[in-house]
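Take a look at the structure set out below.
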2 protein chains.
Amino acid sequence: MSRGRSPTIKDVAKVAGVSSATVSYVLNDLNKVTPEVDALVRRVAKELGYSRNNAARALKTGRNNIIGCILPTLTSPVFPEIAQAVQLRAEAHGYATLVIDSGNAPMREEKVVRTLAKHGVDGAVALLHPNFKLADPPLFPIVSLDAKFPGLDSVHADHYAGGRLMAEHAIALGHRCIGMLSGFQDLTSSFERRQGFVDAAAGRVELVWEVNVQLVPQLPPEAVAAIRRREVTMIACVNDLVAIAALSVLKDSGMSAPGDVSVFGFDDMQWASWPLIDLTTIRQPLAELGSRAADLLISRLDDRQRPVVDVVLPVTLVERGSTARVPPLP
Amino acid sequence: MSRGRSPTIKDVAKVAGVSSATVSYVLNDLNKVTPEVDALVRRVAKELGYSRNNAARALKTGRNNIIGCILPTLTSPVFPEIAQAVQLRAEAHGYATLVIDSGNAPMREEKVVRTLAKHGVDGAVALLHPNFKLADPPLFPIVSLDAKFPGLDSVHADHYAGGRLMAEHAIALGHRCIGMLSGFQDLTSSFERRQGFVDAAAGRVELVWEVNVQLVPQLPPEAVAAIRRREVTMIACVNDLVAIAALSVLKDSGMSAPGDVSVFGFDDMQWASWPLIDLTTIRQPLAELGSRAADLLISRLDDRQRPVVDVVLPVTLVERGSTARVPPLP
DNA sequence: TCAGGTCGTTTAATCGTGTAAATAGATAAG
DNA sequence: CTTATCTATTTACACGATTAAACGACCTGA
């Protein structure tokens, strides 16, 4: 019965007794054919188990129905949540998703973009370092994740508002002496989070110490030393991963949160809610971030001329067990 | 200068003053041409910034240079490590990787396979539920991850040996009364881990209680109750995620590891080493799992007739702070 | 009755590569 | 000098789909 290779549009046409063009019209939902022929063709196609050859379609139309998703790494709790959302939404629109990690290196980002281009993606969702240089002309449309990017559509949480929220909550809990583990300020989101915090804290809180750290769950010696000095009642962290690192240092030093010092994170990644960690944090809607980015990209693919848009998603406070009201002065 | 669209093999041919066939021969490394022409063509191709149109190549050859990677989820610490390794190795061989999650549902697995087929993957690396039925004839070659699978190449850790290792170490630490959080036994790896443990423990350890649990960081009430009964000196867990759930329950119940009870994991996922968690566990080489699987798949794509192979990787004991020598009897 | 318009379908060209088969050019053999 | 044997290159078609343009059948109104 089966000829070995899978049936083509011509096989369907032959069996249905129509031309291959008609089959193509039917299968592309351009309603150019009579209802009867339409039904006939669909029935035959299903019977033969026909499925469109994507390569041929891509060759002819220049569209591959594949999008890329560029993230710094997958071995961090936040990014897979985003990737999953992107993929889900893309699939709903008939796109497959090529997830690829740039390893945090801005040089590799450009290589990764070329790799994706080589594999013919129609566009990509990407978390890019601000000094990433996009090729001119761009190889494909890109939607920037997590930060505005000149000339690109973008989707990101309201980091600034999140920073403010942190400060307000800290103040509400009575904290006046705070240490800060901020990210390096070349990353837009780290910068804005800090800025929001600093602006809202101004005059009401003393920023006793501040250390710039990498966004990984290990702290540099300088940060460890600062924490051990016990000069603050709260440590405000640029993200949850760093907050977990802070909790680790506390534990190693025989201290604990929130008994000795409160710890505040940012992101609300999945693990933040584990009882073992139980982190108070600012929640950014990771899944929505991903799906909105996918939407934006797909709409861009359908209309390249549409003006650039910047979607800002709201953040919320999630109060858990790593923070507490500051103890009354003795 | 640029005609808008990217240069084709014909453009290269014209500029180099040869036929398009010659260019094709050069670029495919079939050494059918004189060294001078070879060099000339390569130079021109580079000058024009030529890059092969993958869709056209795929249409002609039937190979897309894309592989799939099917995993139950990405929002678990273990799988991204595997995915990253697969991707890295695949890229080294010129393949892109379509990572896709099957959401743990065996029914969805078959759908995911069809999705991948639709997007024209040449093959896939997959972590499959044992009762997954592969299409006949198969849509593409698959390498099974984490467990042997009839008819497929496979790569997996030596779960049975890991189970034995757990038991031996527990015995060495003096534990005689052990509770077990085992996975559901329809999953091969869960079954083998348990079997190894039980075989090695036979006659030397009393298995006081055992609960089958899902491989997620939350425990069913039954398991929570068992833990709170305080009848054992060690809890042996089917994997690290479950072990973390156990640690959480301990904390919620005012107990701690290893003071009140030792906790033993399996996998050695990245977070197991965080000071906050600090889990004794059996390490399976996740990255190697991924890269070996990719290798196997690619070699299969090059030779469909090659006999099926089953690669078993060794596991090792990683001793951390969640286990301790059993306290001497009062 | 015939020009003109609609509508549904087919014809045929095209996308960029790969590759079998044809060809030309050089060399060797008889 | 002819013929055979290579080898380097080109010619020409196929892969499977999309789509503009051509076509034919039918209807309509003057």
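Note on naming: chains are A, B, ... as they come in the structure tokens, residues start from 1 per chain, ligands start from 1 in the order shown.
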>> With only C-alpha atoms (C1' of nucleotides) as the counted atoms, please give the residues lying no more than 9 Å from DC23 of chain D, apart from itself and same-chain residues fewer than 5 positions off, as a PyMOL selection string.
In response: chain C and resi 9-11
Hey, could you make a per-residue contact list for chain B against chain D with 9 Å as the cut-off, showing the nearest pair of atoms and its distance in Å to one decimal, counting only C-alpha atoms (C1' of nucleotides), sorted by chain and number, as CSV?
```
residue,atom,partner,partner_atom,distance
B:Val18,CA,D:DT9,C1',8.3
B:Ser19,CA,D:DT10,C1',6.4
B:Ser20,CA,D:DT10,C1',8.7
B:Ala21,CA,D:DT10,C1',7.5
B:Thr22,CA,D:DT9,C1',7.1
B:Lys32,CA,D:DA8,C1',7.4
B:Val33,CA,D:DA8,C1',6.3
B:Thr34,CA,D:DA8,C1',7.3
B:Ala56,CA,D:DC15,C1',8.5
B:Ala58,CA,D:DC15,C1',8.9
B:Leu59,CA,D:DC15,C1',5.5
B:Lys60,CA,D:DC15,C1',4.7
B:Thr61,CA,D:DC15,C1',7.8
B:Gly62,CA,D:DC15,C1',8.6
```
> So which residues touch Arg114 of chain A within 12 Å, counting only C-alpha atoms (C1' of nucleotides), skipping near sequence neighbours fewer than 2 positions away, as a list in words?
Replying inline: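 The neighbour list is Gly68, Ile70, Ile100, Ser102, Met107, Arg108, Glu109, Glu110, Lys111, Val112, Leu116, Ala117, Lys118, His119, Gly120, Val121, Gly123, Ala124, Leu134, Ala135, Pro138, Leu139 and Phe140 of chain A; Gly49 and Ser51 of chain B.
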> Taking the backbone alone, and naming residues the way the document does, which bits of segment 169-217 of chain B are strand (DSSP E) by DSSP, as a PyMOL selection string?
Replying inline: chain B and resi 177-183+206-213
If we count only C-alpha atoms (C1' of nucleotides) and set the cut-off at 12 Å, which residues sit around Ser144 of chain B, ignoring sequence neighbours fewer than 6 positions away in its own chain? Please answer as a CSV table (one decimal) with N, CA, C and O atoms, in the first residue's frame.
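In the end it all went to part-v6.csv:
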```csv
chain,number,residue,atom,x,y,z
B,68,GLY,N,15.2,16.4,17.6
B,68,GLY,CA,14.3,16.8,18.7
B,68,GLY,C,14.9,16.3,20.0
B,68,GLY,O,15.7,15.4,20.1
B,69,CYS,N,14.4,16.9,21.1
B,69,CYS,CA,14.8,16.4,22.4
B,69,CYS,C,13.5,16.5,23.3
B,69,CYS,O,13.1,17.6,23.7
B,70,ILE,N,13.0,15.4,23.6
B,70,ILE,CA,11.7,15.3,24.3
B,70,ILE,C,11.9,15.0,25.8
B,70,ILE,O,12.5,13.9,26.1
B,71,LEU,N,11.5,15.9,26.6
B,71,LEU,CA,11.7,15.7,28.1
B,71,LEU,C,10.4,16.0,28.8
B,71,LEU,O,9.5,16.7,28.3
B,123,GLY,N,15.6,13.0,13.8
B,123,GLY,CA,15.5,12.0,14.8
B,123,GLY,C,15.3,12.7,16.1
B,123,GLY,O,15.2,13.9,16.2
B,124,ALA,N,15.3,12.0,17.2
B,124,ALA,CA,15.1,12.6,18.5
B,124,ALA,C,15.7,11.8,19.6
B,124,ALA,O,15.9,10.6,19.5
B,125,VAL,N,16.1,12.6,20.7
B,125,VAL,CA,16.5,12.0,21.9
B,125,VAL,C,15.3,12.1,22.8
B,125,VAL,O,14.7,13.2,22.9
B,126,ALA,N,14.8,11.1,23.5
B,126,ALA,CA,13.6,11.2,24.3
B,126,ALA,C,13.6,10.4,25.6
B,126,ALA,O,14.1,9.3,25.6
B,127,LEU,N,13.0,11.1,26.6
B,127,LEU,CA,12.8,10.4,27.8
B,127,LEU,C,11.3,9.9,27.8
B,127,LEU,O,10.4,10.7,27.9
B,128,LEU,N,11.1,8.6,27.6
B,128,LEU,CA,9.8,8.1,27.3
B,128,LEU,C,9.2,7.3,28.4
B,128,LEU,O,10.0,6.6,29.1
B,129,HIS,N,7.9,7.3,28.6
B,129,HIS,CA,7.3,6.4,29.5
B,129,HIS,C,7.3,5.0,28.9
B,129,HIS,O,7.1,4.9,27.7
B,130,PRO,N,7.5,4.0,29.7
B,130,PRO,CA,7.7,2.7,29.1
B,130,PRO,C,6.5,2.2,28.3
B,130,PRO,O,6.7,1.4,27.3
B,132,PHE,N,4.9,3.9,26.2
B,132,PHE,CA,4.8,4.7,24.9
B,132,PHE,C,4.8,3.7,23.8
B,132,PHE,O,5.6,2.8,23.7
B,134,LEU,N,5.6,3.3,19.9
B,134,LEU,CA,6.1,4.1,18.8
B,134,LEU,C,5.5,3.7,17.5
B,134,LEU,O,5.1,2.5,17.3
B,150,PRO,N,12.7,-1.2,24.2
B,150,PRO,CA,12.9,-2.3,23.2
B,150,PRO,C,12.9,-1.7,21.8
B,150,PRO,O,12.1,-0.9,21.4
B,151,GLY,N,14.0,-2.0,21.1
B,151,GLY,CA,14.1,-1.6,19.7
B,151,GLY,C,14.8,-0.3,19.5
B,151,GLY,O,15.1,0.1,18.4
B,152,LEU,N,15.1,0.4,20.6
B,152,LEU,CA,15.7,1.7,20.4
B,152,LEU,C,17.1,1.7,21.1
B,152,LEU,O,17.4,1.0,22.0
B,153,ASP,N,18.0,2.6,20.5
B,153,ASP,CA,19.3,2.8,21.2
B,153,ASP,C,18.9,3.5,22.5
B,153,ASP,O,17.9,4.2,22.6
B,154,SER,N,19.8,3.3,23.5
B,154,SER,CA,19.4,4.0,24.8
B,154,SER,C,20.7,4.4,25.6
B,154,SER,O,21.8,3.8,25.4
B,155,VAL,N,20.5,5.4,26.4
B,155,VAL,CA,21.6,5.8,27.3
B,155,VAL,C,21.0,6.0,28.7
B,155,VAL,O,20.0,6.8,28.8
B,156,HIS,N,21.6,5.4,29.7
B,156,HIS,CA,21.0,5.7,31.0
B,156,HIS,C,22.0,5.4,32.1
B,156,HIS,O,23.0,4.6,31.8
B,157,ALA,N,21.8,5.9,33.2
B,157,ALA,CA,22.7,5.6,34.4
B,157,ALA,C,22.4,4.3,34.9
B,157,ALA,O,21.4,3.7,34.6
B,188,THR,N,10.8,2.9,34.7
B,188,THR,CA,11.9,1.9,34.8
B,188,THR,C,13.0,2.4,35.8
B,188,THR,O,13.4,1.6,36.6
B,289,LEU,N,25.1,12.0,30.0
B,289,LEU,CA,23.9,11.3,29.5
B,289,LEU,C,23.4,12.0,28.2
B,289,LEU,O,23.1,11.3,27.2
B,290,GLY,N,23.3,13.3,28.3
B,290,GLY,CA,22.9,14.1,27.1
B,290,GLY,C,23.8,14.0,25.9
B,290,GLY,O,23.3,13.7,24.8
B,292,ARG,N,26.1,11.7,25.2
B,292,ARG,CA,26.2,10.4,24.7
B,292,ARG,C,24.9,10.1,23.8
B,292,ARG,O,25.0,9.4,22.8
B,293,ALA,N,23.8,10.5,24.3
B,293,ALA,CA,22.6,10.3,23.6
B,293,ALA,C,22.6,11.0,22.2
B,293,ALA,O,22.2,10.4,21.2
B,294,ALA,N,23.1,12.2,22.2
B,294,ALA,CA,23.2,12.9,20.9
B,294,ALA,C,24.2,12.2,20.0
B,294,ALA,O,23.8,12.0,18.8
B,296,LEU,N,24.9,9.0,19.9
B,296,LEU,CA,24.2,7.8,19.5
B,296,LEU,C,23.2,8.1,18.4
B,296,LEU,O,23.1,7.4,17.4
B,297,LEU,N,22.4,9.2,18.6
B,297,LEU,CA,21.4,9.5,17.6
B,297,LEU,C,22.1,9.9,16.2
B,297,LEU,O,21.7,9.4,15.2
B,308,VAL,N,21.3,-2.1,17.5
B,308,VAL,CA,20.9,-1.3,18.6
B,308,VAL,C,21.9,-1.4,19.8
B,308,VAL,O,22.4,-2.5,20.1
B,309,VAL,N,22.3,-0.3,20.4
B,309,VAL,CA,23.2,-0.3,21.5
B,309,VAL,C,22.5,0.3,22.7
B,309,VAL,O,21.7,1.1,22.6
B,310,ASP,N,23.0,-0.1,23.9
B,310,ASP,CA,22.5,0.3,25.2
B,310,ASP,C,23.7,0.8,26.0
B,310,ASP,O,24.6,0.0,26.4
B,311,VAL,N,23.8,2.1,26.2
B,311,VAL,CA,25.0,2.6,27.0
B,311,VAL,C,24.6,2.8,28.4
B,311,VAL,O,23.6,3.5,28.7
B,312,VAL,N,25.3,2.2,29.3
B,312,VAL,CA,25.1,2.4,30.8
B,312,VAL,C,26.2,3.2,31.4
B,312,VAL,O,27.4,2.8,31.3
```
>> From a backbone DSSP assignment, name each residue in segment 129-184 of chain B labelled alpha helix (DSSP H), as a ChimeraX atom specification.
In response: /B:159-172
For the selection just defined, write its residues with N, CA, C and O atoms to a file, as a short mmCIF file (atom, residue, chain, number, x, y, z; two decimals), in the first residue's frame.
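Once written, selection_22.cif looks like this:
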```cif
data_model
loop_
_atom_site.label_atom_id
_atom_site.label_comp_id
_atom_site.auth_asym_id
_atom_site.auth_seq_id
_atom_site.Cartn_x
_atom_site.Cartn_y
_atom_site.Cartn_z
N HIS B 159 21.02 2.67 37.32
CA HIS B 159 20.13 2.93 38.45
C HIS B 159 20.21 1.83 39.51
O HIS B 159 20.20 2.11 40.71
N TYR B 160 20.30 0.61 39.05
CA TYR B 160 20.34 -0.52 39.99
C TYR B 160 21.57 -0.40 40.90
O TYR B 160 21.46 -0.50 42.12
N ALA B 161 22.71 -0.15 40.27
CA ALA B 161 23.93 0.01 41.06
C ALA B 161 23.79 1.18 42.02
O ALA B 161 24.28 1.13 43.17
N GLY B 162 23.12 2.23 41.58
CA GLY B 162 22.90 3.38 42.43
C GLY B 162 22.08 3.02 43.66
O GLY B 162 22.41 3.42 44.78
N GLY B 163 21.05 2.23 43.45
CA GLY B 163 20.23 1.77 44.56
C GLY B 163 21.05 0.98 45.56
O GLY B 163 20.99 1.19 46.77
N ARG B 164 21.88 0.09 45.04
CA ARG B 164 22.77 -0.71 45.92
C ARG B 164 23.69 0.21 46.71
O ARG B 164 23.89 0.04 47.92
N LEU B 165 24.24 1.18 46.00
CA LEU B 165 25.19 2.11 46.63
C LEU B 165 24.54 2.82 47.81
O LEU B 165 25.15 3.00 48.87
N MET B 166 23.31 3.24 47.60
CA MET B 166 22.56 3.89 48.67
C MET B 166 22.47 2.99 49.88
O MET B 166 22.77 3.38 51.02
N ALA B 167 22.04 1.75 49.63
CA ALA B 167 21.85 0.82 50.74
C ALA B 167 23.16 0.56 51.48
O ALA B 167 23.21 0.60 52.71
N GLU B 168 24.21 0.34 50.71
CA GLU B 168 25.50 0.04 51.34
C GLU B 168 25.96 1.21 52.20
O GLU B 168 26.46 1.02 53.32
N HIS B 169 25.79 2.41 51.68
CA HIS B 169 26.24 3.56 52.44
C HIS B 169 25.39 3.73 53.70
O HIS B 169 25.92 4.04 54.78
N ALA B 170 24.12 3.51 53.56
CA ALA B 170 23.23 3.60 54.73
C ALA B 170 23.67 2.61 55.81
O ALA B 170 23.79 2.96 56.99
N ILE B 171 23.96 1.41 55.38
CA ILE B 171 24.39 0.37 56.32
C ILE B 171 25.71 0.76 56.97
O ILE B 171 25.89 0.65 58.18
N ALA B 172 26.62 1.27 56.14
CA ALA B 172 27.92 1.68 56.66
C ALA B 172 27.77 2.74 57.73
O ALA B 172 28.57 2.82 58.68
#
```
> Residues of chain A within 6 Å of chain B, using only C-alpha atoms, as a ChimeraX atom specification?
Replying inline: /A:55-56,58-59,74-75,80,98,248,275-276
Counting only C-alpha atoms (C1' of nucleotides), collect the residues of chain C whose closest atom lies at most 9 Å from chain B, and write them out as a PDB file with N, CA, C and O atoms (P, O5', C5', C4', C3', O3' and C1' of nucleotides), in the first residue's frame.
```
ATOM      1  P    DC C  15      13.063  31.845  -8.972  1.00  0.00           P
ATOM      2  O5'  DC C  15      13.197  31.355  -7.463  1.00  0.00           O
ATOM      3  C5'  DC C  15      12.364  31.871  -6.433  1.00  0.00           C
ATOM      4  C4'  DC C  15      12.391  30.926  -5.257  1.00  0.00           C
ATOM      5  C3'  DC C  15      13.779  30.339  -5.011  1.00  0.00           C
ATOM      6  O3'  DC C  15      14.416  31.108  -4.009  1.00  0.00           O
ATOM      7  C1'  DC C  15      12.039  28.660  -4.894  1.00  0.00           C
ATOM      8  P    DG C  16      15.947  31.586  -4.348  1.00  0.00           P
ATOM      9  O5'  DG C  16      16.793  30.288  -3.971  1.00  0.00           O
ATOM     10  C5'  DG C  16      16.824  29.890  -2.623  1.00  0.00           C
ATOM     11  C4'  DG C  16      17.548  28.576  -2.496  1.00  0.00           C
ATOM     12  C3'  DG C  16      18.977  28.574  -3.058  1.00  0.00           C
ATOM     13  O3'  DG C  16      19.785  27.935  -2.095  1.00  0.00           O
ATOM     14  C1'  DG C  16      17.724  26.833  -4.045  1.00  0.00           C
ATOM     15  P    DT C  17      21.338  27.752  -2.259  1.00  0.00           P
ATOM     16  O5'  DT C  17      21.498  26.181  -2.037  1.00  0.00           O
ATOM     17  C5'  DT C  17      20.779  25.351  -2.851  1.00  0.00           C
ATOM     18  C4'  DT C  17      20.640  23.981  -2.235  1.00  0.00           C
ATOM     19  C3'  DT C  17      21.862  23.111  -2.469  1.00  0.00           C
ATOM     20  O3'  DT C  17      21.998  22.149  -1.433  1.00  0.00           O
ATOM     21  C1'  DT C  17      20.039  22.440  -3.872  1.00  0.00           C
ATOM     22  P    DG C  18      23.305  21.216  -1.454  1.00  0.00           P
ATOM     23  O5'  DG C  18      22.807  19.968  -2.318  1.00  0.00           O
ATOM     24  C5'  DG C  18      21.850  19.104  -1.751  1.00  0.00           C
ATOM     25  C4'  DG C  18      21.578  17.931  -2.675  1.00  0.00           C
ATOM     26  C3'  DG C  18      22.786  17.078  -3.043  1.00  0.00           C
ATOM     27  O3'  DG C  18      22.331  15.737  -3.079  1.00  0.00           O
ATOM     28  C1'  DG C  18      21.812  17.913  -5.021  1.00  0.00           C
ATOM     29  P    DT C  19      23.358  14.545  -3.038  1.00  0.00           P
ATOM     30  O5'  DT C  19      23.321  14.063  -4.552  1.00  0.00           O
ATOM     31  C5'  DT C  19      22.096  13.587  -5.081  1.00  0.00           C
ATOM     32  C4'  DT C  19      22.252  13.355  -6.559  1.00  0.00           C
ATOM     33  C3'  DT C  19      23.595  12.728  -6.972  1.00  0.00           C
ATOM     34  O3'  DT C  19      23.308  11.795  -7.989  1.00  0.00           O
ATOM     35  C1'  DT C  19      23.222  14.628  -8.231  1.00  0.00           C
TER      36       DT C  19
END
```
